[in-house]
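> Below you'll find target01.csv; it's CSV, C-alpha atoms.
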chain,number,residue,atom,x,y,z
T,1,PRO,CA,-27.6,4.2,-10.8
T,2,GLY,CA,-28.2,3.0,-14.3
T,3,GLY,CA,-31.0,0.6,-13.2
T,4,ALA,CA,-30.8,-3.1,-12.3
T,5,THR,CA,-33.0,-6.1,-11.3
T,6,ILE,CA,-32.5,-6.9,-7.7
T,7,LYS,CA,-33.7,-10.2,-6.2
T,8,GLY,CA,-34.9,-10.5,-2.6
T,9,LEU,CA,-35.6,-13.2,-0.1
T,10,ARG,CA,-37.4,-12.6,3.3
T,11,GLU,CA,-37.0,-15.6,5.6
T,12,ALA,CA,-36.8,-16.7,9.2
T,13,ARG,CA,-33.4,-18.3,10.1
T,14,ILE,CA,-32.5,-20.5,13.0
T,15,GLY,CA,-29.1,-20.9,14.5
T,16,SER,CA,-26.9,-20.8,17.5
T,17,TRP,CA,-23.6,-19.2,18.5
T,18,ASN,CA,-22.2,-22.7,18.5
T,19,ASP,CA,-22.9,-22.9,14.7
T,20,ILE,CA,-20.5,-20.0,14.2
T,21,ASN,CA,-17.9,-20.9,16.7
T,22,GLY,CA,-17.9,-24.4,18.2
T,23,ASN,CA,-15.3,-23.6,20.9
T,24,ASP,CA,-17.6,-23.9,24.0
T,25,ALA,CA,-20.1,-21.4,22.5
T,26,PRO,CA,-23.8,-21.7,23.6
T,27,THR,CA,-25.9,-24.2,21.7
T,28,THR,CA,-29.2,-22.4,22.3
T,29,ASP,CA,-31.1,-21.9,19.0
T,30,TYR,CA,-32.4,-18.4,18.1
T,31,THR,CA,-34.9,-17.5,15.4
T,32,ARG,CA,-34.6,-14.1,13.6
T,33,ASN,CA,-36.2,-12.7,10.4
T,34,TYR,CA,-33.8,-11.6,7.7
T,35,MET,CA,-34.1,-9.9,4.3
T,36,THR,CA,-31.5,-10.8,1.7
T,37,LEU,CA,-31.0,-8.8,-1.4
T,38,TRP,CA,-28.7,-9.7,-4.3
T,39,PHE,CA,-27.8,-8.9,-7.9
T,40,ASP,CA,-27.6,-12.0,-10.1
T,41,HIS,CA,-24.4,-11.8,-12.1
T,42,GLY,CA,-25.3,-14.8,-14.3
T,43,VAL,CA,-23.0,-17.6,-15.3
T,44,ASN,CA,-19.3,-16.6,-16.1
T,45,PRO,CA,-20.0,-12.9,-16.7
T,46,THR,CA,-17.4,-11.1,-18.9
T,47,ASN,CA,-16.6,-7.4,-18.2
T,48,GLY,CA,-19.9,-7.1,-16.3
T,49,THR,CA,-20.5,-4.1,-14.1
T,50,TYR,CA,-23.1,-2.9,-11.6
T,51,SER,CA,-23.4,-0.1,-9.0
T,52,TYR,CA,-25.5,0.7,-6.0
T,53,VAL,CA,-26.1,3.2,-3.3
T,54,LEU,CA,-26.9,2.4,0.3
T,55,LEU,CA,-29.6,4.6,1.9
T,56,PRO,CA,-30.0,3.7,5.5
T,57,ASN,CA,-33.1,4.8,7.4
T,58,LYS,CA,-34.8,6.0,4.2
T,59,THR,CA,-38.4,5.3,3.5
T,60,SER,CA,-39.6,3.7,0.3
T,61,THR,CA,-40.8,7.1,-0.9
T,62,GLN,CA,-37.4,8.7,-0.1
T,63,VAL,CA,-35.6,5.9,-1.9
T,64,ALA,CA,-37.8,6.3,-5.0
T,65,SER,CA,-37.2,10.0,-5.0
T,66,TYR,CA,-33.5,9.6,-4.7
T,67,ALA,CA,-33.5,7.0,-7.5
T,68,THR,CA,-34.9,9.5,-9.9
T,69,SER,CA,-32.0,11.9,-9.3
T,70,PRO,CA,-29.0,10.4,-7.5
T,71,ASN,CA,-26.5,12.9,-6.2
T,72,ILE,CA,-23.5,10.8,-7.0
T,73,THR,CA,-21.2,10.6,-10.0
T,74,ILE,CA,-19.5,7.3,-10.9
T,75,LEU,CA,-16.1,8.4,-12.1
T,76,GLU,CA,-14.8,5.0,-13.1
T,77,ASN,CA,-15.9,1.4,-12.7
T,78,SER,CA,-13.2,-0.8,-14.2
T,79,ASN,CA,-10.6,-3.4,-13.3
T,80,GLN,CA,-8.1,-0.6,-12.9
T,81,ALA,CA,-10.0,1.6,-10.6
T,82,GLN,CA,-13.4,2.2,-9.1
T,83,ALA,CA,-14.4,5.8,-8.0
T,84,VAL,CA,-17.5,7.6,-6.9
T,85,LYS,CA,-18.1,11.2,-6.0
T,86,GLU,CA,-20.8,12.4,-3.6
T,87,ASN,CA,-21.7,15.7,-5.3
T,88,VAL,CA,-23.4,17.4,-2.3
T,89,LEU,CA,-20.8,16.5,0.3
T,90,GLY,CA,-17.8,17.0,-2.0
T,91,ILE,CA,-16.4,13.6,-1.1
T,92,THR,CA,-14.7,11.2,-3.5
T,93,GLY,CA,-13.7,7.6,-2.8
T,94,ILE,CA,-11.3,5.8,-5.1
T,95,ASN,CA,-9.9,2.3,-5.1
T,96,PHE,CA,-6.8,1.9,-7.3
T,97,TRP,CA,-6.5,-1.8,-8.1
T,98,GLN,CA,-3.1,-2.0,-9.8
T,99,ASP,CA,0.5,-1.1,-9.0
T,100,ALA,CA,0.8,1.3,-11.9
T,101,ARG,CA,0.3,5.1,-12.3
T,102,LYS,CA,-3.4,5.7,-12.7
T,103,THR,CA,-5.5,8.9,-12.7
T,104,VAL,CA,-9.2,9.1,-11.7
T,105,GLY,CA,-11.1,12.2,-11.0
T,106,GLY,CA,-8.0,14.4,-10.9
T,107,VAL,CA,-6.2,12.0,-8.4
T,108,THR,CA,-3.2,10.0,-9.4
T,109,SER,CA,-1.7,7.1,-7.5
T,110,ASP,CA,1.3,5.0,-8.4
T,111,SER,CA,0.3,1.9,-6.3
T,112,GLN,CA,-2.7,-0.1,-5.2
T,113,SER,CA,-4.5,2.1,-2.6
T,114,SER,CA,-7.7,3.4,-1.2
T,115,VAL,CA,-8.0,7.2,-1.4
T,116,MET,CA,-10.7,9.5,-0.2
T,117,THR,CA,-10.9,13.2,-0.7
T,118,ARG,CA,-13.1,15.9,0.7
T,119,GLU,CA,-13.1,19.5,-0.7
T,120,THR,CA,-14.7,22.6,0.7
T,121,ALA,CA,-14.3,26.3,-0.3
T,122,SER,CA,-11.3,26.6,2.0
T,123,ASP,CA,-9.6,23.3,2.3
T,124,PHE,CA,-8.8,20.0,0.6
T,125,GLU,CA,-8.4,16.8,2.7
T,126,VAL,CA,-7.0,13.4,1.6
T,127,SER,CA,-6.7,10.1,3.3
T,128,VAL,CA,-4.6,7.2,1.8
T,129,SER,CA,-4.4,3.6,2.9
T,130,ASP,CA,-2.9,0.3,1.6
T,131,PRO,CA,-5.7,-2.2,1.9
T,132,THR,CA,-3.4,-5.0,0.6
T,133,GLN,CA,-1.2,-4.6,3.7
T,134,ASP,CA,1.7,-5.8,1.4
T,135,ASN,CA,3.3,-2.5,0.5
T,136,ALA,CA,6.5,-2.1,2.5
T,137,GLY,CA,7.3,1.3,0.9
T,138,GLN,CA,5.7,4.5,-0.2
T,139,ILE,CA,2.5,5.4,-2.1
T,140,TYR,CA,2.9,8.5,-4.2
T,141,ILE,CA,-0.2,10.7,-4.7
T,142,GLU,CA,-0.7,13.7,-7.1
T,143,VAL,CA,-3.9,15.9,-7.1
T,144,ALA,CA,-4.7,18.1,-10.1
T,145,LYS,CA,-5.1,21.2,-8.1
T,146,SER,CA,-2.9,23.6,-6.2
T,147,ALA,CA,-2.8,24.3,-2.4
T,148,LYS,CA,-1.8,27.4,-0.6
T,149,ASN,CA,-0.6,25.8,2.6
T,150,LEU,CA,-0.6,22.8,5.0
T,151,ILE,CA,-3.2,22.7,7.7
T,152,SER,CA,-2.3,19.2,9.2
T,153,LYS,CA,-0.8,15.9,8.3
T,154,ASP,CA,0.1,12.5,9.8
T,155,PRO,CA,3.9,12.0,10.4
T,156,GLU,CA,3.9,9.3,7.7
T,157,VAL,CA,3.0,11.9,5.0
T,158,THR,CA,5.7,13.8,3.3
T,159,ILE,CA,4.8,16.9,1.2
T,160,LEU,CA,6.6,17.1,-2.1
T,161,GLN,CA,4.7,20.0,-3.8
T,162,TYR,CA,1.9,22.5,-3.2
T,163,THR,CA,1.7,24.0,-6.7
T,164,PRO,CA,1.0,23.8,-9.6
T,165,THR,CA,-0.3,20.4,-8.4
T,166,ILE,CA,-0.4,18.8,-5.0
T,167,LYS,CA,2.1,16.0,-4.6
T,168,PHE,CA,2.9,13.9,-1.5
T,169,LYS,CA,4.0,10.5,-0.5
T,170,VAL,CA,2.8,8.2,2.3
T,171,ASN,CA,4.9,5.7,4.1
T,172,VAL,CA,2.6,2.6,4.5
T,173,LYS,CA,5.2,0.1,5.7
T,174,ALA,CA,3.7,-2.0,8.5
T,175,SER,CA,0.6,0.2,8.4
T,176,ALA,CA,-1.8,-2.8,8.7
T,177,GLY,CA,-4.2,-1.0,6.3
T,178,LYS,CA,-4.4,2.2,8.4
T,179,ALA,CA,-5.5,5.4,6.6
T,180,TYR,CA,-3.1,8.4,6.8
T,181,LYS,CA,-4.5,11.9,6.4
T,182,VAL,CA,-3.3,15.2,5.1
T,183,LYS,CA,-5.3,18.5,4.9
T,184,PHE,CA,-4.3,21.4,2.7
T,185,GLY,CA,-5.5,25.0,2.8
T,186,LEU,CA,-6.9,26.5,-0.4
T,187,THR,CA,-6.8,30.1,0.8
T,188,GLY,CA,-4.3,32.4,2.3
T,189,THR,CA,-0.6,33.0,1.7
T,190,GLN,CA,1.1,30.7,-0.7
T,191,THR,CA,3.7,28.3,0.9
T,192,ALA,CA,6.8,27.7,-1.2
T,193,ASN,CA,7.3,24.2,-2.5
T,194,PRO,CA,9.7,22.1,-0.3
T,195,ALA,CA,13.2,21.6,-1.7
T,196,PRO,CA,13.5,18.5,-3.9
T,197,ILE,CA,14.6,15.4,-2.0
T,198,PRO,CA,18.2,14.8,-3.2
T,199,LEU,CA,18.9,11.4,-4.9
T,200,PRO,CA,21.9,9.5,-3.7
T,201,ASN,CA,25.0,9.8,-5.9
T,202,LEU,CA,26.1,6.4,-7.3
T,203,TYR,CA,29.7,5.7,-8.1
T,204,GLU,CA,30.8,4.7,-11.5
T,205,ALA,CA,31.7,1.0,-11.6
T,206,GLU,CA,34.4,1.5,-14.3
T,207,THR,CA,36.3,3.9,-12.0
T,208,LEU,CA,36.6,1.5,-9.1
T,209,PRO,CA,39.7,-0.6,-8.5
T,210,ILE,CA,39.4,-4.2,-9.6
T,211,GLN,CA,40.3,-7.1,-7.3
T,212,LEU,CA,40.4,-10.6,-8.7
T,213,MET,CA,39.8,-13.9,-6.9
T,214,THR,CA,38.4,-12.0,-3.8
T,215,ASP,CA,35.1,-12.2,-1.9
T,216,GLY,CA,34.6,-9.3,0.4
T,217,ILE,CA,33.2,-5.9,1.2
T,218,ILE,CA,35.2,-2.8,0.5
T,219,VAL,CA,34.4,0.7,1.8
T,220,TYR,CA,35.3,3.2,-0.9
T,221,ASN,CA,36.1,6.8,0.2
T,222,ASP,CA,36.3,10.1,-1.6
T,223,THR,CA,39.7,9.4,-3.1
T,224,ASN,CA,38.6,6.3,-5.1
T,225,ALA,CA,34.9,6.7,-5.6
T,226,SER,CA,32.6,9.6,-6.6
T,227,GLY,CA,29.9,10.7,-4.3
T,228,GLY,CA,31.5,10.0,-0.9
T,229,LYS,CA,31.7,6.7,1.0
T,230,LYS,CA,30.1,3.8,-0.7
T,231,ILE,CA,30.0,0.1,-0.1
T,232,GLY,CA,31.0,-2.2,-3.0
T,233,LEU,CA,30.8,-5.9,-3.1
T,234,ILE,CA,33.7,-7.6,-4.8
T,235,THR,CA,33.3,-11.2,-5.8
T,236,SER,CA,35.5,-13.5,-7.7
Do you think you could lay out the structure here as structure tokens?

Amino acid sequence: PGGATIKGLREARIGSWNDINGNDAPTTDYTRNYMTLWFDHGVNPTNGTYSYVLLPNKTSTQVASYATSPNITILENSNQAQAVKENVLGITGINFWQDARKTVGGVTSDSQSSVMTRETASDFEVSVSDPTQDNAGQIYIEVAKSAKNLISKDPEVTILQYTPTIKFKVNVKASAGKAYKVKFGLTGTQTANPAPIPLPNLYEAETLPIQLMTDGIIVYNDTNASGGKKIGLITS
């Protein structure tokens, strides 16, 4: 999409499994023909961009026909997010590159994540993963549309809201990059939004007893701290 000059190299390559893994791998040489295609970025490019579509099993005529009218829409191609929509299949793929709230194509994420959506006349499906494998908490997703009900979800997904926008969170701790899925119904009886998740009540530090020259852990109860039992650390 947008046009670009692609370079190509067709060549016969010779190698053995031992070249790849020298740990007792066979040393027999094999010869195979390969076609290499690449886009030349130039030297030290600044804010350069490019895009491409893979069309497996297409003839040169079919590729030329597709190139005149691609059925995709590039929603964003930046250092914050990259997103493409396949218009015929109703599938959108988004990579969010930063741990910051970002909206692309009606989908908002608060963390680095890979998100895919698929919409039909009757349902809306989302998959979310943490490709960094570093997030030990939650990824919060909001979609700028409403849902009527829940069709299915993975246990790691918690629904926060059906309407006026879809909101849910995904626990990606120790997920190893796994994608978690949730599927919403767009027709039928409206399901009420779940009750808000209560926030813990924090005690006010100025109301707590002061102990000097003491290192220890004190359990505060309802009589001397607001919000029920809390643990306070007292240090000298």
> Quote the spacing between atom CA of Pro155 of chain T and atom CA of Gly105 of chain T in Å to one decimal place.
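Atom CA of Gly105 of chain T lies at a distance of 26.1 Å from atom CA of Pro155 of chain T.
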> Using only C-alpha atoms, find the one residue out of T:Leu54, T:Ala176, T:Leu186, T:Ala147 that sits nearest to Tyr66 of chain T.
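The closest residue to Tyr66 of chain T is T:Leu54.
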> For a test of reading the model, state the distance in Å between atom CA of Ile141 of chain T and atom CA of Lys167 of chain T, rounded to one decimal.
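Computing the Euclidean distance for atom CA of Ile141 of chain T and atom CA of Lys167 of chain T yields 5.8 Å.
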> Which residues are close to segment 30-36 of chain T, i.e. within 9 Å by all atoms listed in the file, leaving aside same-chain residues fewer than 4 positions away? Reply as a VMD selection string.
chain T and resid 7 to 17
> Could you pull the residues within 10 Å of Ile151 of chain T, counting all atoms listed in the file, minus those fewer than 6 positions along the same chain, as an mmCIF file with C-alpha atoms, in the frame of the given file?

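Written out: out.cif:
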data_model
loop_
_atom_site.group_PDB
_atom_site.id
_atom_site.type_symbol
_atom_site.label_atom_id
_atom_site.label_comp_id
_atom_site.auth_asym_id
_atom_site.auth_seq_id
_atom_site.Cartn_x
_atom_site.Cartn_y
_atom_site.Cartn_z
ATOM 1 C CA ASP T 123 -9.600 23.300 2.300
ATOM 2 C CA PHE T 124 -8.800 20.000 0.600
ATOM 3 C CA GLU T 125 -8.400 16.800 2.700
ATOM 4 C CA VAL T 182 -3.300 15.200 5.100
ATOM 5 C CA LYS T 183 -5.300 18.500 4.900
ATOM 6 C CA PHE T 184 -4.300 21.400 2.700
ATOM 7 C CA GLY T 185 -5.500 25.000 2.800
ATOM 8 C CA LEU T 186 -6.900 26.500 -0.400
#
> For Arg101 of chain T, find every residue with an atom within 8 Å (counting all atoms listed in the file), except residues of its own chain fewer than 2 positions away, and show them as a PyMOL selection string.
chain T and resi 99+103+108-111
> Between T:Gln80, T:Gln62, T:Gln133, T:Thr165, which has the minimum distance to Lys145 of chain T (counting only C-alpha atoms)?
T:Thr165
